[in-house]
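Novice: Before I ask anything, let me first share the structure, which is written out below as structure tokens.
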Number of protein chains: 2
Amino acid sequence: MSAKLPISFHCQNADHQRCVNDALAQAEMLCRQQKQRFTAIRQRVLELVWQQHKPIGAYEVLEHLQADGRTAPPTVYRALDFLQKMGLVHRIASLNAYVGCVQPGESHDGHFLICKSCHALAEINAPEINAAIMQSASDIGFQPVRQTIEVMGLCPECSG
Amino acid sequence: MSAKLPISFHCQNADHQRCVNDALAQAEMLCRQQKQRFTAIRQRVLELVWQQHKPIGAYEVLEHLQADGRTAPPTVYRALDFLQKMGLVHRIASLNAYVGCVQPGESHDGHFLICKSCHALAEINAPEINAAIMQSASDIGFQPVRQTIEVMGLCPECSG
DNA sequence: TATGTAATGTTATAATATAGCGCTTAAAAA
DNA sequence: TTTTTAAGCGCTATATTATAACATTACATA
């Protein structure tokens, strides 16, 4: 057994805004540490990503930004690329969408469980999955570099 | 230890056309069994997918089809959708591309190792990966339905 | 052959993502 | 502080991936 992240599909804080604020504060700290600029746009995009418990599409982010004034797609993609490089958000390949990373601090690949009913997403930290992949890969001489691990199914609330 | 598929990144037949022909023959049999029509377009698309050892994009398939006469995107996507439903090809979400399935016969999700250098792909059959995912999921009450497991890295030939 | 259904043709458009270039602004150097 | 430099962003255009909608064709079978 290994240490696991506290996992949940839905926010446990009564006030999700607190999650958002925490994420923003942590991001600011990380950017400062790594001498990266946490610009207004980057903050706003990260905030938008965190404001939902489910993956958000780039063009959905764009729509929100456009409420504050004209914005074009490259602006959104640049911000998302930056946030990914900083390990602050993950891209979900099977959905073409983005989620906030629950364990920021270093760029890494996540393992995701995604509810096909309510679209909630949980990022899990499962060393056994990594171990199984590493083992299978090394069996045939393959050197893993990045992973895309996305499992669709039903979350506890929707399967009940 | 479990039974594993014969895995390789590159074809072991001297003549890859044999792989292609085998795949086509098996597909024809499966379609017959399930009373599905293995039309000329479906055959041709499956052939094109199999003719490479790496994932092929829908529009790349389209280009090849257009050499034989005018064809539009929906035709390609329909054929690919059909082949996916039949379990004859897999879609690789992280690449927006398609590969032939090495163990057709029922629709299923594959586990993929993809070389980021030569783009070769291996479909592996690793029950340990499934087990690890199932365990992690059931720990938090999640019921998996579909998986996207794609590992990028270096194949034996490219890492040597 | 007549008939219903599945498959395909065709046009248009939606959805996702990036190239390229010039301006602005923040950070670093002088 | 001023200058220099590079990063970030605005903006236009366009590439890439995918689907909607409806007409037509071809197949299975009654």
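The way I read the labels, and the way they are meant: chains A, B, ... in the order of the structure tokens, residue 1 as the first residue of every chain, and ligand 1 as the first ligand shown, with later ones counted on from there.
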Return as a PDB file with N, CA and C atoms, in the first residue's frame the residues belonging to chain A that are within 6 Å of chain B, counting only C-alpha atoms.
Specialist:
```pdb
ATOM      1  N   ALA A  93      -6.745  13.877 -23.284  1.00  0.00           N
ATOM      2  CA  ALA A  93      -6.689  13.666 -24.735  1.00  0.00           C
ATOM      3  C   ALA A  93      -8.000  13.125 -25.283  1.00  0.00           C
ATOM      4  N   SER A  94      -8.652  12.261 -24.511  1.00  0.00           N
ATOM      5  CA  SER A  94      -9.854  11.637 -25.046  1.00  0.00           C
ATOM      6  C   SER A  94     -11.031  12.604 -25.086  1.00  0.00           C
ATOM      7  N   GLU A 128       0.723   1.522  -8.545  1.00  0.00           N
ATOM      8  CA  GLU A 128       0.598   0.176  -9.124  1.00  0.00           C
ATOM      9  C   GLU A 128       0.388   0.253 -10.631  1.00  0.00           C
ATOM     10  N   ILE A 129      -0.363   1.284 -11.050  1.00  0.00           N
ATOM     11  CA  ILE A 129      -0.589   1.422 -12.490  1.00  0.00           C
ATOM     12  C   ILE A 129       0.728   1.726 -13.184  1.00  0.00           C
ATOM     13  N   ALA A 132       2.838  -1.387 -13.274  1.00  0.00           N
ATOM     14  CA  ALA A 132       2.389  -2.364 -14.263  1.00  0.00           C
ATOM     15  C   ALA A 132       2.807  -1.935 -15.669  1.00  0.00           C
ATOM     16  N   GLY A 141      11.438  -4.021 -23.924  1.00  0.00           N
ATOM     17  CA  GLY A 141      12.518  -3.081 -24.214  1.00  0.00           C
ATOM     18  C   GLY A 141      12.073  -1.684 -24.582  1.00  0.00           C
ATOM     19  N   PHE A 142      10.904  -1.342 -24.134  1.00  0.00           N
ATOM     20  CA  PHE A 142      10.375  -0.004 -24.436  1.00  0.00           C
ATOM     21  C   PHE A 142      10.632   0.933 -23.272  1.00  0.00           C
ATOM     22  N   GLN A 143      11.044   2.167 -23.571  1.00  0.00           N
ATOM     23  CA  GLN A 143      11.314   3.146 -22.511  1.00  0.00           C
ATOM     24  C   GLN A 143      10.230   4.211 -22.470  1.00  0.00           C
ATOM     25  N   PRO A 144       9.341   4.120 -21.520  1.00  0.00           N
ATOM     26  CA  PRO A 144       8.253   5.100 -21.426  1.00  0.00           C
ATOM     27  C   PRO A 144       8.753   6.499 -21.120  1.00  0.00           C
ATOM     28  N   VAL A 145       8.089   7.457 -21.708  1.00  0.00           N
ATOM     29  CA  VAL A 145       8.422   8.857 -21.448  1.00  0.00           C
ATOM     30  C   VAL A 145       7.185   9.611 -20.948  1.00  0.00           C
ATOM     31  N   ARG A 146       6.096   9.393 -21.620  1.00  0.00           N
ATOM     32  CA  ARG A 146       4.853  10.042 -21.205  1.00  0.00           C
ATOM     33  C   ARG A 146       3.694   9.069 -21.278  1.00  0.00           C
ATOM     34  N   GLN A 147       2.692   9.321 -20.474  1.00  0.00           N
ATOM     35  CA  GLN A 147       1.547   8.417 -20.452  1.00  0.00           C
ATOM     36  C   GLN A 147       0.242   9.171 -20.641  1.00  0.00           C
ATOM     37  N   THR A 148      -0.676   8.497 -21.277  1.00  0.00           N
ATOM     38  CA  THR A 148      -2.052   8.981 -21.331  1.00  0.00           C
ATOM     39  C   THR A 148      -2.918   7.875 -20.750  1.00  0.00           C
ATOM     40  N   ILE A 149      -3.391   8.091 -19.535  1.00  0.00           N
ATOM     41  CA  ILE A 149      -4.177   7.069 -18.845  1.00  0.00           C
ATOM     42  C   ILE A 149      -5.509   7.683 -18.460  1.00  0.00           C
ATOM     43  N   GLU A 150      -6.536   7.338 -19.216  1.00  0.00           N
ATOM     44  CA  GLU A 150      -7.844   7.947 -18.998  1.00  0.00           C
ATOM     45  C   GLU A 150      -8.906   6.852 -18.990  1.00  0.00           C
ATOM     46  N   VAL A 151      -9.589   6.728 -17.880  1.00  0.00           N
ATOM     47  CA  VAL A 151     -10.583   5.669 -17.737  1.00  0.00           C
ATOM     48  C   VAL A 151     -11.973   6.290 -17.641  1.00  0.00           C
ATOM     49  N   MET A 152     -12.826   5.930 -18.577  1.00  0.00           N
ATOM     50  CA  MET A 152     -14.202   6.413 -18.547  1.00  0.00           C
ATOM     51  C   MET A 152     -15.059   5.392 -17.806  1.00  0.00           C
ATOM     52  N   GLY A 153     -16.046   5.852 -17.106  1.00  0.00           N
ATOM     53  CA  GLY A 153     -16.916   4.930 -16.389  1.00  0.00           C
ATOM     54  C   GLY A 153     -17.941   5.692 -15.576  1.00  0.00           C
ATOM     55  N   LEU A 154     -18.321   5.087 -14.470  1.00  0.00           N
ATOM     56  CA  LEU A 154     -19.332   5.721 -13.633  1.00  0.00           C
ATOM     57  C   LEU A 154     -18.764   6.012 -12.253  1.00  0.00           C
ATOM     58  N   CYS A 155     -18.922   7.245 -11.820  1.00  0.00           N
ATOM     59  CA  CYS A 155     -18.444   7.631 -10.499  1.00  0.00           C
ATOM     60  C   CYS A 155     -19.393   7.060  -9.451  1.00  0.00           C
ATOM     61  N   PRO A 156     -18.969   7.056  -8.205  1.00  0.00           N
ATOM     62  CA  PRO A 156     -19.784   6.469  -7.148  1.00  0.00           C
ATOM     63  C   PRO A 156     -21.208   7.032  -7.126  1.00  0.00           C
TER      64      PRO A 156
END
```
Novice: I'd like the neighbourhood of segment 5-18 of chain D as a list in words, where a residue qualifies if any of its atoms comes within 9 Å (using only C-alpha atoms (C1' of nucleotides)), though same-chain residues fewer than 2 positions away should be ignored.
Specialist: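 Result of the neighbour search: Thr39, Thr71, Ala72 and Thr75 of chain A; Ala58, Tyr59, Pro73, Pro74, Tyr77 and Asn96 of chain B; DA14, DA15, DT16, DA17, DT18, DA19, DC23, DT24, DT25, DA26, DA27, DA28 and DA29 of chain C.
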Novice: Residues of chain C that approach chain B to 10 Å or less, counting only C-alpha atoms (C1' of nucleotides): could you list each one with the shortest pair of atoms and its distance in Å to one decimal, rows by chain and increasing residue number, as a Markdown table?
Specialist:
```
| residue | atom | partner | partner_atom | distance |
| --- | --- | --- | --- | --- |
| C:DA6 | C1' | B:Arg37 | CA | 9.1 |
| C:DA7 | C1' | B:Thr39 | CA | 8.6 |
| C:DT8 | C1' | B:Thr75 | CA | 7.0 |
| C:DG9 | C1' | B:Ala72 | CA | 8.1 |
| C:DT10 | C1' | B:Ala72 | CA | 7.9 |
| C:DT11 | C1' | B:Ala72 | CA | 9.9 |
```
Novice: Check the smallest atom-to-atom distance from each of A:Arg42, A:Asp22, A:Val49, A:Leu30 to chain D using only C-alpha atoms (C1' of nucleotides), then report the winner.
Specialist: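 That would be A:Arg42, the residue with the smallest distance to chain D.
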Novice: Looking at B:Gly105, B:Gly69, B:Gly110, B:Gly57, which one is nearest to chain D, with distances taken over only C-alpha atoms (C1' of nucleotides)?
Specialist: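 For chain D, the nearest of the given residues is B:Gly57.
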Novice: As a list of chain:residue names, list the residues of segment 6-117 of chain B assigned to strand (DSSP E or B) by DSSP on the backbone atoms of this structure.
Specialist: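 Taking segment 6-117 of chain B and keeping strand (DSSP E or B) only, one gets B:Ile56, B:Val89, B:His90, B:Arg91, B:Ile92, B:Ala97, B:Tyr98, B:Val99, B:Gly100, B:His111, B:Phe112, B:Leu113, B:Ile114, B:Cys115.
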Novice: Would you give me, as number ranges by chain, the residues in chain B that DSSP reads as helix (DSSP H, G or I)?
Specialist: B: 16-33, 40-50, 58-67, 73-85, 127-139, 156-159
Novice: Just how far from atom C1' of DA12 of chain C is atom C1' of DC22 of chain D, in Å to one decimal?
Specialist: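 Those two atoms sit 11.2 Å apart.
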Novice: Pick out the residues sitting within 10 Å of Glu60 of chain A, and hand them over as an MDAnalysis selection string; count only C-alpha atoms (C1' of nucleotides), and ignore anything fewer than 2 positions along from it in its own chain.
Specialist: chainID A and resid 48:49 56:58 62:66 76 97
Novice: Please, could you write that set of residues out with C-alpha atoms as a CSV table (one decimal), in the first residue's frame?
Specialist:
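Once written, again-v7.csv looks like this:
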```csv
chain,number,residue,atom,x,y,z
A,48,LEU,CA,-11.7,29.1,-15.2
A,49,VAL,CA,-10.3,25.6,-15.4
A,56,ILE,CA,-13.2,22.3,-19.8
A,57,GLY,CA,-12.6,22.8,-23.5
A,58,ALA,CA,-10.3,25.5,-24.8
A,62,LEU,CA,-12.3,31.3,-24.7
A,63,GLU,CA,-16.0,32.2,-24.3
A,64,HIS,CA,-15.5,33.1,-20.7
A,65,LEU,CA,-12.5,35.3,-21.5
A,66,GLN,CA,-14.5,37.0,-24.2
A,76,VAL,CA,-6.1,30.6,-24.7
A,97,ALA,CA,-10.2,19.3,-22.6
```
Novice: Would you kindly return, as a ChimeraX atom specification, each protein, DNA or RNA residue with an atom no farther than 8 Å from any atom of Leu24 of chain B, considering only C-alpha atoms (C1' of nucleotides) and excluding same-chain residues fewer than 4 positions away?
Specialist: /B:20,28,43,46-47
Novice: Selection from above, C-alpha atoms, as a PDB file, in the first residue's frame, can you write it?
Specialist:
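In the end it all went to again.pdb:
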```
ATOM      1  CA  VAL B  20      -2.241  -7.023 -44.330  1.00  0.00           C
ATOM      2  CA  GLU B  28     -13.933 -10.689 -43.673  1.00  0.00           C
ATOM      3  CA  GLN B  43     -11.859  -3.242 -46.879  1.00  0.00           C
ATOM      4  CA  LEU B  46      -8.681  -1.427 -43.214  1.00  0.00           C
ATOM      5  CA  GLU B  47      -6.000  -2.245 -45.736  1.00  0.00           C
TER       6      GLU B  47
END
```
